[in-house]
Amino acid sequence: MTAFADQLLPVELEERAPDDLSQLLTADRVADPVDASRAADAQPAARGVPPKPAEQSEQPVQLGPSTQSDRAARPDRSDSAARADQPVQRSARAGRPGRNLGDIGWRGLTLAAAVTTVLALGSVMAFLALEGAPAVAGDATDLPAQAPDIWALTWPLLFGSAWVSGLALAVAAPVGVGIALFSVLIARRRLGGWLGASIDILAAVPSVVYGLWGLTVLAPLVAPAYAWVADRLGWIPFLAGPASATGRTVLTAAMVLAVMVLPLVASLSREVIRLVPSNLIEGALALGATRWEMIRLVVLPQARSGITAGVMLALGRALGETMAVAMVLSPTPFLISFHLLRSENPGTVASFIAQNFPEAHGLETNALIWLGLVLFALTFLINSLARTLVRPKGGTT
Amino acid sequence: MTGLDLIEVDSPVTGSTGSSLAPGRAQALWRSSQPLASTRRQRRRRIKDRAMTAALAACALIAAVPLVSLLWTTVSHGLARLDPTFFNQSMRGVAGVGGGALHAIWGSVLITLAATALAAPVGLGTALWLVECADRSRSALTSGLARAVRAVVGVTAGIPSIVAGLFVYALIALVAGPGYRSGLAGAIALAVIMTPVVESACEEVLARVPGELREGALALGAPQWRCVTSVILPTARPGVISGVLLGVSRVVGETAPLLLVAGFTDSMNLNLLDGRMASLPVYIYSQWQNKGVQAAAYDARAWTAALVLVALVLALHLTARLSARWATRKEH
């Protein structure tokens with residue numbers, strides 16, 4: 001069919017009068033997408049059949065100058081429309097697209113999907129508020145962990161979330177940006193590709209496996225180091241002993257979290273760094289800047305807002321990470337403490353919910369849902385901030 | 001000073017960025033790039049460059065350490081129980097050695113399939129509506145709804161997975177009363193997480209379908225639905241498949257929402273609507289948490305389940321990547 005159309009058109013061009021050229025030109029433009037759509041439709045049967053020689057010799061004769069009046073009388077039967085299959089032709093007669101039953105149907109379907117999305121996802125906050133309200137409003141007699149009131153429960157957990165996530169980001173942000181810089185600007189293309197792939201693997205590992213790894217491998221590994229540090233450097237406020245014997249401390253949880261959000265920081269920064277115009281980079285190098293000067297003076301200022309947004313998105317992810325923290329940390333209730341190495345640790349909102357929900361009943365459940373609402377509001381705030389940071393640069397989330 | 005002027009006028013550095021490269025920076029750049037500067041300063045610059053390059057390379061190495069350790073631990077600890085029993089027995093009546101994860105594997109498969117059945121049509125439909133209807137419409141109502149859809153999807157993409165679980169719990173608690181747990185509830189929670197992933201992937205792919213194909217089909221008089229079903233969707237198919245697979249690989253390892261709303265059980269349950277349903281991630285968690293007397297047996301089962309889960313997620317991820325690569329290659 002494709003070959004046939006290609007053969008047909010030059011013949012026509014030679015035979016037509018010039019005043020018919022404009023019509024032909026539109027026919028030409030139409031003919032292309034037909035073939036493209038056919039190809040996309042993947043109908044090997046239609047394409048596989050070679051045009052019969054008899055037809056080929058017949059068509060140009062039929063489409064000679066005599067068809068001109070024919071076409072003027074019935075404009076919907078241009079030769080390309082005649083070649084198109086049956087349903088297309090029928091609906092072309094039915095009128096403008098968007099007016100027939102099929103169109104109304106499919107628009108309705110997709111609109112329903114869109115409305116479902118908005119309603120389902122948009123009602124998250126509403127339902128959490130609905131079910132969480134009793135814990136805030138009611139007399140606080142039956143809260144989880146025998147909390148005296150809901151705020152005494154909320155604040156320490158919020159502190160724990162912020163503290164653990166902050167520590168995790170303090171590690172993950174520089175390393176992640178470093179990986180992105182290395183893989184885009186320094187590594188050869190192939191090495192950069194491998195690096196990206198392995199970072200993606202890191203991102204794909206489920207959080208419960210990270211939890212298992214943190215418990216089984218990381219915590220025993222760092223426990224002696226913690227003891228040593230607490231012994232020698234205990235005078236530094238954060239590092240005061242006695243160090244935890246199991247190694248399951250805030251610092252370990254933060255390290256596991258750092259590994260988990262590292263891929264996010266790295267991939268988002270990589271996207272932004274790729275967007276830095278190469279003429280700026282080449283200009284800096286051409287002026288004699290070393291590679292590091294090029295990065296510091298050109299790439300980082302250009303990519304700063306994007307990198308900040310990536311780090312904030314990673315912070316949102318770290319705040320919401322549940323299982324790894326729940327498995328590594330066994331929290332002491334209501335504790336607010338900056339100590340990194342002790343065995344008494346603050347809990348985080350998400351891990352507290354996961355640890356207490358399976359056995360919760362009554363008002364306890366409502367209190368946990370209330371905590372979920374708080375967590376949602378916090379991540380919502382951070383993600384929206386990240387979004388507004390990214391938007392002026394042209395949407396690189 | 002003449003050097004600075006030269007940079008501001010001629011150099012491509014300031015030429016194309018305008019204000020984004022502040023004059024102070026240009027000056028610093030110019031000063032640091034002076035060829036006639038002293039050799040000591042040159043040496044210092046070179047050393048600094050080398051040091052920072054090494055530091056950046058070290059970042060990449062630092063990331064490789066946990067990756068290798070994680071994969072190695074999972075494989076070495078997981079191989080111990082990678083036997084037929086693991087795949088053809090549940091944990092019913094097992095205390096100690098033996099037992100398997102058949103019920104959890106079935107649970108994961110069913111819950112994930114149900115979540116995909118919910119999220120894929122909604123995500124794809126929403127993306128189609130946004131790209132094919134809303135972006136071509138001039139009505140204020142439509143574009144307002146489109147903005148709302150995009151905002152909601154953007155917000156939900158960053159939602160912590162445990163919040164999705166709590167949301168579904170709150171939703172279902174109103175209908176079925178508190179304490180209700182089922183595979184379907186888990187599937188809904190996973191669908192909440194998956195829909196934004198599928199939607200944004202599909203939206204991106206659909207927006208990349210060349211406009212000529214669309215215009216061509218419409219110019220032939222094809223109604224819009226036919227243009228979508230026989231031109232746009234076939235063109236976007238690999239990308240859509242890749243988006244759905246990415247969504248699946250995102251949710252198949254989710255633990256927290258399933259722990260909340262699907263619960264855990266030791267026995268087989270193939271009915272999504274009836275009662276607690278195990279899944280692989282929750283199986284890992286519960287094996288670790290509720291260790292019996294023979295703790296080693298529980299640990300071994302947890303690691304084998306982790307190995308199976310990681311292998312599954314990586315296979316899905318790889319398929320999605322290959323599909324996406326195939327999609328972009330086809331475009332050129």
# chains A, B, ... in the order shown; residues from 1 in each chain; ligands from 1

call {"tool": "residues_around", "arguments": {"residues": "Ala164 of chain B", "least_positions_apart": "3", "cutoff": "6 Å", "atoms": "only C-alpha atoms", "output": "list in words"}}
result
Ser161, Phe167 and Ala189 of chain B

call {"tool": "write_last_selection", "arguments": {"atoms": "N, CA and C atoms", "output": "PDB file, in the first residue's frame"}}
result
ATOM      1  N   SER B 161       3.747   5.917  51.761  1.00  0.00           N
ATOM      2  CA  SER B 161       2.891   4.765  51.478  1.00  0.00           C
ATOM      3  C   SER B 161       2.040   4.398  52.687  1.00  0.00           C
ATOM      4  N   PHE B 167      -5.335   5.893  54.799  1.00  0.00           N
ATOM      5  CA  PHE B 167      -6.475   6.461  54.072  1.00  0.00           C
ATOM      6  C   PHE B 167      -7.476   5.365  53.736  1.00  0.00           C
ATOM      7  N   ALA B 189      -5.233   0.300  48.472  1.00  0.00           N
ATOM      8  CA  ALA B 189      -4.142   1.131  48.985  1.00  0.00           C
ATOM      9  C   ALA B 189      -2.984   1.179  47.990  1.00  0.00           C
TER      10      ALA B 189
END

call {"tool": "select_by_dssp", "arguments": {"residues": "segment 82-291 of chain A", "states": "helix (DSSP H, G or I)", "output": "count of residues only"}}
result
168

call {"tool": "closest_atom_pairs", "arguments": {"of": "chain B", "to": "chain A", "cutoff": "6 Å", "atoms": "only C-alpha atoms", "output": "Markdown table"}}
result
| residue | atom | partner | partner_atom | distance |
| --- | --- | --- | --- | --- |
| B:Pro12 | CA | A:Gly283 | CA | 5.5 |
| B:Val13 | CA | A:Leu280 | CA | 4.9 |
| B:Ser33 | CA | A:Gly288 | CA | 4.8 |
| B:Asp49 | CA | A:Trp292 | CA | 5.1 |
| B:Leu56 | CA | A:Gly178 | CA | 5.0 |
| B:Cys59 | CA | A:Val175 | CA | 5.2 |
| B:Ala60 | CA | A:Ile179 | CA | 5.1 |
| B:Val122 | CA | A:Ala113 | CA | 4.8 |
| B:Gly125 | CA | A:Thr110 | CA | 4.6 |
| B:Thr126 | CA | A:Ala114 | CA | 4.3 |
| B:Trp129 | CA | A:Thr110 | CA | 5.1 |
| B:Val149 | CA | A:Val118 | CA | 5.6 |
| B:Pro160 | CA | A:Gly320 | CA | 4.5 |
| B:Val163 | CA | A:Gly372 | CA | 5.5 |
| B:Phe167 | CA | A:Val124 | CA | 5.7 |
| B:Ala170 | CA | A:Glu131 | CA | 5.9 |
| B:Leu213 | CA | A:Pro33 | CA | 5.5 |
| B:Gly216 | CA | A:Pro33 | CA | 4.5 |
| B:Gly221 | CA | A:Ala92 | CA | 4.3 |
| B:Ala222 | CA | A:Val88 | CA | 4.9 |
| B:Pro223 | CA | A:Pro97 | CA | 4.6 |
| B:Gln224 | CA | A:Pro97 | CA | 5.8 |
| B:Trp225 | CA | A:Asp103 | CA | 5.2 |
| B:Ser230 | CA | A:Asp41 | CA | 5.6 |
| B:Val231 | CA | A:Ser37 | CA | 5.4 |
| B:Pro234 | CA | A:Ala40 | CA | 5.9 |
| B:Thr235 | CA | A:Ala40 | CA | 5.8 |
| B:Gly253 | CA | A:Pro206 | CA | 4.7 |

call {"tool": "write_last_selection", "arguments": {"atoms": "C-alpha atoms", "output": "short mmCIF file (atom, residue, chain, number, x, y, z; two decimals), in the first residue's frame"}}
result
data_model
loop_
_atom_site.label_atom_id
_atom_site.label_comp_id
_atom_site.auth_asym_id
_atom_site.auth_seq_id
_atom_site.Cartn_x
_atom_site.Cartn_y
_atom_site.Cartn_z
CA PRO B 12 29.77 32.43 25.68
CA VAL B 13 29.61 32.08 29.44
CA SER B 33 41.61 31.26 34.34
CA ASP B 49 40.72 19.93 40.78
CA LEU B 56 33.21 12.90 43.33
CA CYS B 59 30.82 9.39 46.09
CA ALA B 60 30.09 6.87 43.35
CA VAL B 122 -7.66 4.97 35.79
CA GLY B 125 -7.66 7.13 31.22
CA THR B 126 -6.67 10.20 33.20
CA TRP B 129 -8.16 12.79 29.11
CA VAL B 149 -6.02 16.63 38.28
CA PRO B 160 4.10 8.29 52.11
CA VAL B 163 -0.55 7.31 54.62
CA PHE B 167 -6.48 6.46 54.07
CA ALA B 170 -10.26 5.19 57.21
CA LEU B 213 -0.06 11.22 13.40
CA GLY B 216 -3.34 12.90 9.94
CA GLY B 221 -12.10 12.15 9.06
CA ALA B 222 -11.45 9.61 11.75
CA PRO B 223 -13.43 10.37 14.88
CA GLN B 224 -11.31 11.11 17.92
CA TRP B 225 -11.91 7.76 19.62
CA SER B 230 -5.83 2.88 16.32
CA VAL B 231 -3.14 5.55 16.06
CA PRO B 234 -0.54 1.65 19.38
CA THR B 235 2.21 4.23 18.99
CA GLY B 253 7.59 -4.26 47.54
#

call {"tool": "atom_distance", "arguments": {"atom1": "atom CA of Asn88 of chain B", "atom2": "atom CA of Val244 of chain B"}}
result
28.8 Å

call {"tool": "closest_residue", "arguments": {"among": "A:Leu169, A:Val276, A:Ala240, A:Val184", "to": "Phe338 of chain A", "atoms": "only C-alpha atoms"}}
result
A:Ala240

call {"tool": "closest_residue", "arguments": {"among": "B:Arg276, B:Leu318, B:Gly179, B:Glu199", "to": "Arg150 of chain B", "atoms": "only C-alpha atoms"}}
result
B:Glu199

call {"tool": "residues_around", "arguments": {"residues": "Leu113 of chain B", "least_positions_apart": "2", "cutoff": "12 Å", "atoms": "only C-alpha atoms", "output": "PyMOL selection string"}}
result
chain B and resi 106-111+115-120+183-184+186-188+190-191+194+244-245+247-249+251-252+272

call {"tool": "residues_around", "arguments": {"residues": "segment 280-292 of chain B", "least_positions_apart": "2", "cutoff": "7 Å", "atoms": "only C-alpha atoms", "output": "PDB file with C-alpha atoms, in the first residue's frame"}}
result
ATOM      1  CA  VAL A 208      11.523  -4.017  54.156  1.00  0.00           C
TER       2      VAL A 208
ATOM      3  CA  ALA B  95       6.427 -23.469  64.214  1.00  0.00           C
ATOM      4  CA  GLY B  96      10.159 -23.577  63.673  1.00  0.00           C
ATOM      5  CA  ALA B 104       2.415 -14.908  50.637  1.00  0.00           C
ATOM      6  CA  ILE B 105       3.438 -15.297  46.998  1.00  0.00           C
ATOM      7  CA  SER B 108       1.269 -10.666  46.544  1.00  0.00           C
ATOM      8  CA  GLY B 253       7.591  -4.255  47.540  1.00  0.00           C
ATOM      9  CA  GLU B 254       5.319  -2.015  49.591  1.00  0.00           C
ATOM     10  CA  THR B 255       5.001  -3.265  53.134  1.00  0.00           C
ATOM     11  CA  LEU B 258      -0.452  -3.988  53.367  1.00  0.00           C
ATOM     12  CA  LEU B 259       0.557  -4.429  56.969  1.00  0.00           C
ATOM     13  CA  PHE B 264      -1.045 -11.141  57.854  1.00  0.00           C
ATOM     14  CA  ALA B 278      -0.482 -12.437  53.425  1.00  0.00           C
ATOM     15  CA  GLN B 294      14.076 -21.516  66.472  1.00  0.00           C
ATOM     16  CA  ALA B 295      14.880 -17.963  65.432  1.00  0.00           C
ATOM     17  CA  TYR B 298      12.488 -17.551  60.796  1.00  0.00           C
ATOM     18  CA  ASP B 299      15.455 -15.462  59.698  1.00  0.00           C
ATOM     19  CA  ALA B 302      12.666 -13.925  55.810  1.00  0.00           C
ATOM     20  CA  ALA B 305      11.423 -14.183  50.799  1.00  0.00           C
ATOM     21  CA  ALA B 306      13.596 -11.072  50.464  1.00  0.00           C
ATOM     22  CA  LEU B 309      11.034 -10.252  46.250  1.00  0.00           C
TER      23      LEU B 309
END

call {"tool": "atom_distance", "arguments": {"atom1": "atom CA of Ala133 of chain A", "atom2": "atom CA of Trp151 of chain A"}}
result
13.0 Å

call {"tool": "atom_distance", "arguments": {"atom1": "atom CA of Glu344 of chain A", "atom2": "atom CA of Ile159 of chain B"}}
result
29.1 Å

call {"tool": "closest_residue", "arguments": {"among": "A:Leu157, A:Ala147, A:Ala223, A:Val272", "to": "Thr249 of chain A", "atoms": "only C-alpha atoms"}}
result
A:Ala223

call {"tool": "residues_around", "arguments": {"residues": "Thr252 of chain A", "least_positions_apart": "2", "cutoff": "10 Å", "atoms": "only C-alpha atoms", "output": "mmCIF file with N, CA and C atoms, in the first residue's frame"}}
result
data_model
loop_
_atom_site.group_PDB
_atom_site.id
_atom_site.type_symbol
_atom_site.label_atom_id
_atom_site.label_comp_id
_atom_site.auth_asym_id
_atom_site.auth_seq_id
_atom_site.Cartn_x
_atom_site.Cartn_y
_atom_site.Cartn_z
ATOM 1 N N VAL A 164 15.829 12.176 62.264
ATOM 2 C CA VAL A 164 16.358 11.051 61.483
ATOM 3 C C VAL A 164 16.460 11.434 60.004
ATOM 4 N N ALA A 168 19.753 11.780 57.674
ATOM 5 C CA ALA A 168 19.869 10.990 56.445
ATOM 6 C C ALA A 168 20.198 11.888 55.257
ATOM 7 N N GLY A 214 19.699 -3.525 57.345
ATOM 8 C CA GLY A 214 20.170 -2.632 58.400
ATOM 9 C C GLY A 214 20.346 -3.370 59.720
ATOM 10 N N LEU A 215 19.393 -4.265 60.010
ATOM 11 C CA LEU A 215 19.452 -5.035 61.250
ATOM 12 C C LEU A 215 20.574 -6.050 61.254
ATOM 13 N N LEU A 218 24.272 -3.954 58.901
ATOM 14 C CA LEU A 218 24.814 -2.648 59.263
ATOM 15 C C LEU A 218 24.959 -2.484 60.771
ATOM 16 N N ALA A 219 23.890 -2.825 61.524
ATOM 17 C CA ALA A 219 23.919 -2.571 62.969
ATOM 18 C C ALA A 219 25.057 -3.317 63.680
ATOM 19 N N VAL A 222 28.424 -1.562 62.817
ATOM 20 C CA VAL A 222 28.754 -0.255 63.369
ATOM 21 C C VAL A 222 28.800 -0.249 64.893
ATOM 22 N N ALA A 223 28.237 -1.271 65.533
ATOM 23 C CA ALA A 223 28.170 -1.257 67.001
ATOM 24 C C ALA A 223 29.542 -1.085 67.663
ATOM 25 N N TYR A 226 30.655 2.421 67.250
ATOM 26 C CA TYR A 226 29.935 3.336 68.137
ATOM 27 C C TYR A 226 30.564 3.333 69.525
ATOM 28 N N GLY A 247 23.837 -1.520 68.273
ATOM 29 C CA GLY A 247 24.044 -0.670 67.108
ATOM 30 C C GLY A 247 22.751 -0.166 66.498
ATOM 31 N N ARG A 248 21.617 -0.499 67.119
ATOM 32 C CA ARG A 248 20.343 -0.043 66.539
ATOM 33 C C ARG A 248 20.009 1.333 67.094
ATOM 34 N N THR A 249 20.631 2.373 66.555
ATOM 35 C CA THR A 249 20.421 3.723 67.053
ATOM 36 C C THR A 249 19.901 4.626 65.940
ATOM 37 N N VAL A 250 19.653 5.867 66.326
ATOM 38 C CA VAL A 250 19.191 6.862 65.363
ATOM 39 C C VAL A 250 20.170 6.977 64.201
ATOM 40 N N ALA A 254 19.399 6.438 60.336
ATOM 41 C CA ALA A 254 19.632 7.520 59.379
ATOM 42 C C ALA A 254 20.513 7.044 58.231
ATOM 43 N N MET A 255 21.478 6.164 58.537
ATOM 44 C CA MET A 255 22.336 5.656 57.462
ATOM 45 C C MET A 255 21.543 4.809 56.479
ATOM 46 N N VAL A 256 20.671 3.944 57.030
ATOM 47 C CA VAL A 256 19.835 3.128 56.144
ATOM 48 C C VAL A 256 18.950 4.033 55.286
ATOM 49 N N LEU A 257 18.348 5.039 55.927
ATOM 50 C CA LEU A 257 17.502 5.977 55.191
ATOM 51 C C LEU A 257 18.309 6.702 54.123
ATOM 52 N N ALA A 258 19.544 7.059 54.458
ATOM 53 C CA ALA A 258 20.384 7.774 53.495
ATOM 54 C C ALA A 258 20.603 6.930 52.253
ATOM 55 N N VAL A 325 12.920 2.074 59.147
ATOM 56 C CA VAL A 325 13.092 2.691 60.455
ATOM 57 C C VAL A 325 12.400 1.862 61.531
ATOM 58 N N VAL A 328 14.706 -1.039 62.320
ATOM 59 C CA VAL A 328 16.019 -0.753 62.902
ATOM 60 C C VAL A 328 15.898 -0.118 64.282
ATOM 61 N N LEU A 329 14.930 0.785 64.435
ATOM 62 C CA LEU A 329 14.809 1.527 65.693
ATOM 63 C C LEU A 329 13.761 0.900 66.593
ATOM 64 N N LEU A 340 23.182 10.426 69.380
ATOM 65 C CA LEU A 340 23.211 9.590 68.191
ATOM 66 C C LEU A 340 23.477 8.127 68.506
ATOM 67 N N LEU A 341 24.169 7.864 69.585
ATOM 68 C CA LEU A 341 24.719 6.523 69.775
ATOM 69 C C LEU A 341 24.059 5.744 70.902
#

call {"tool": "closest_residue", "arguments": {"among": "B:His77, B:Thr304, B:Val261, B:Thr319", "to": "Leu166 of chain B", "atoms": "only C-alpha atoms"}}
result
B:Val261
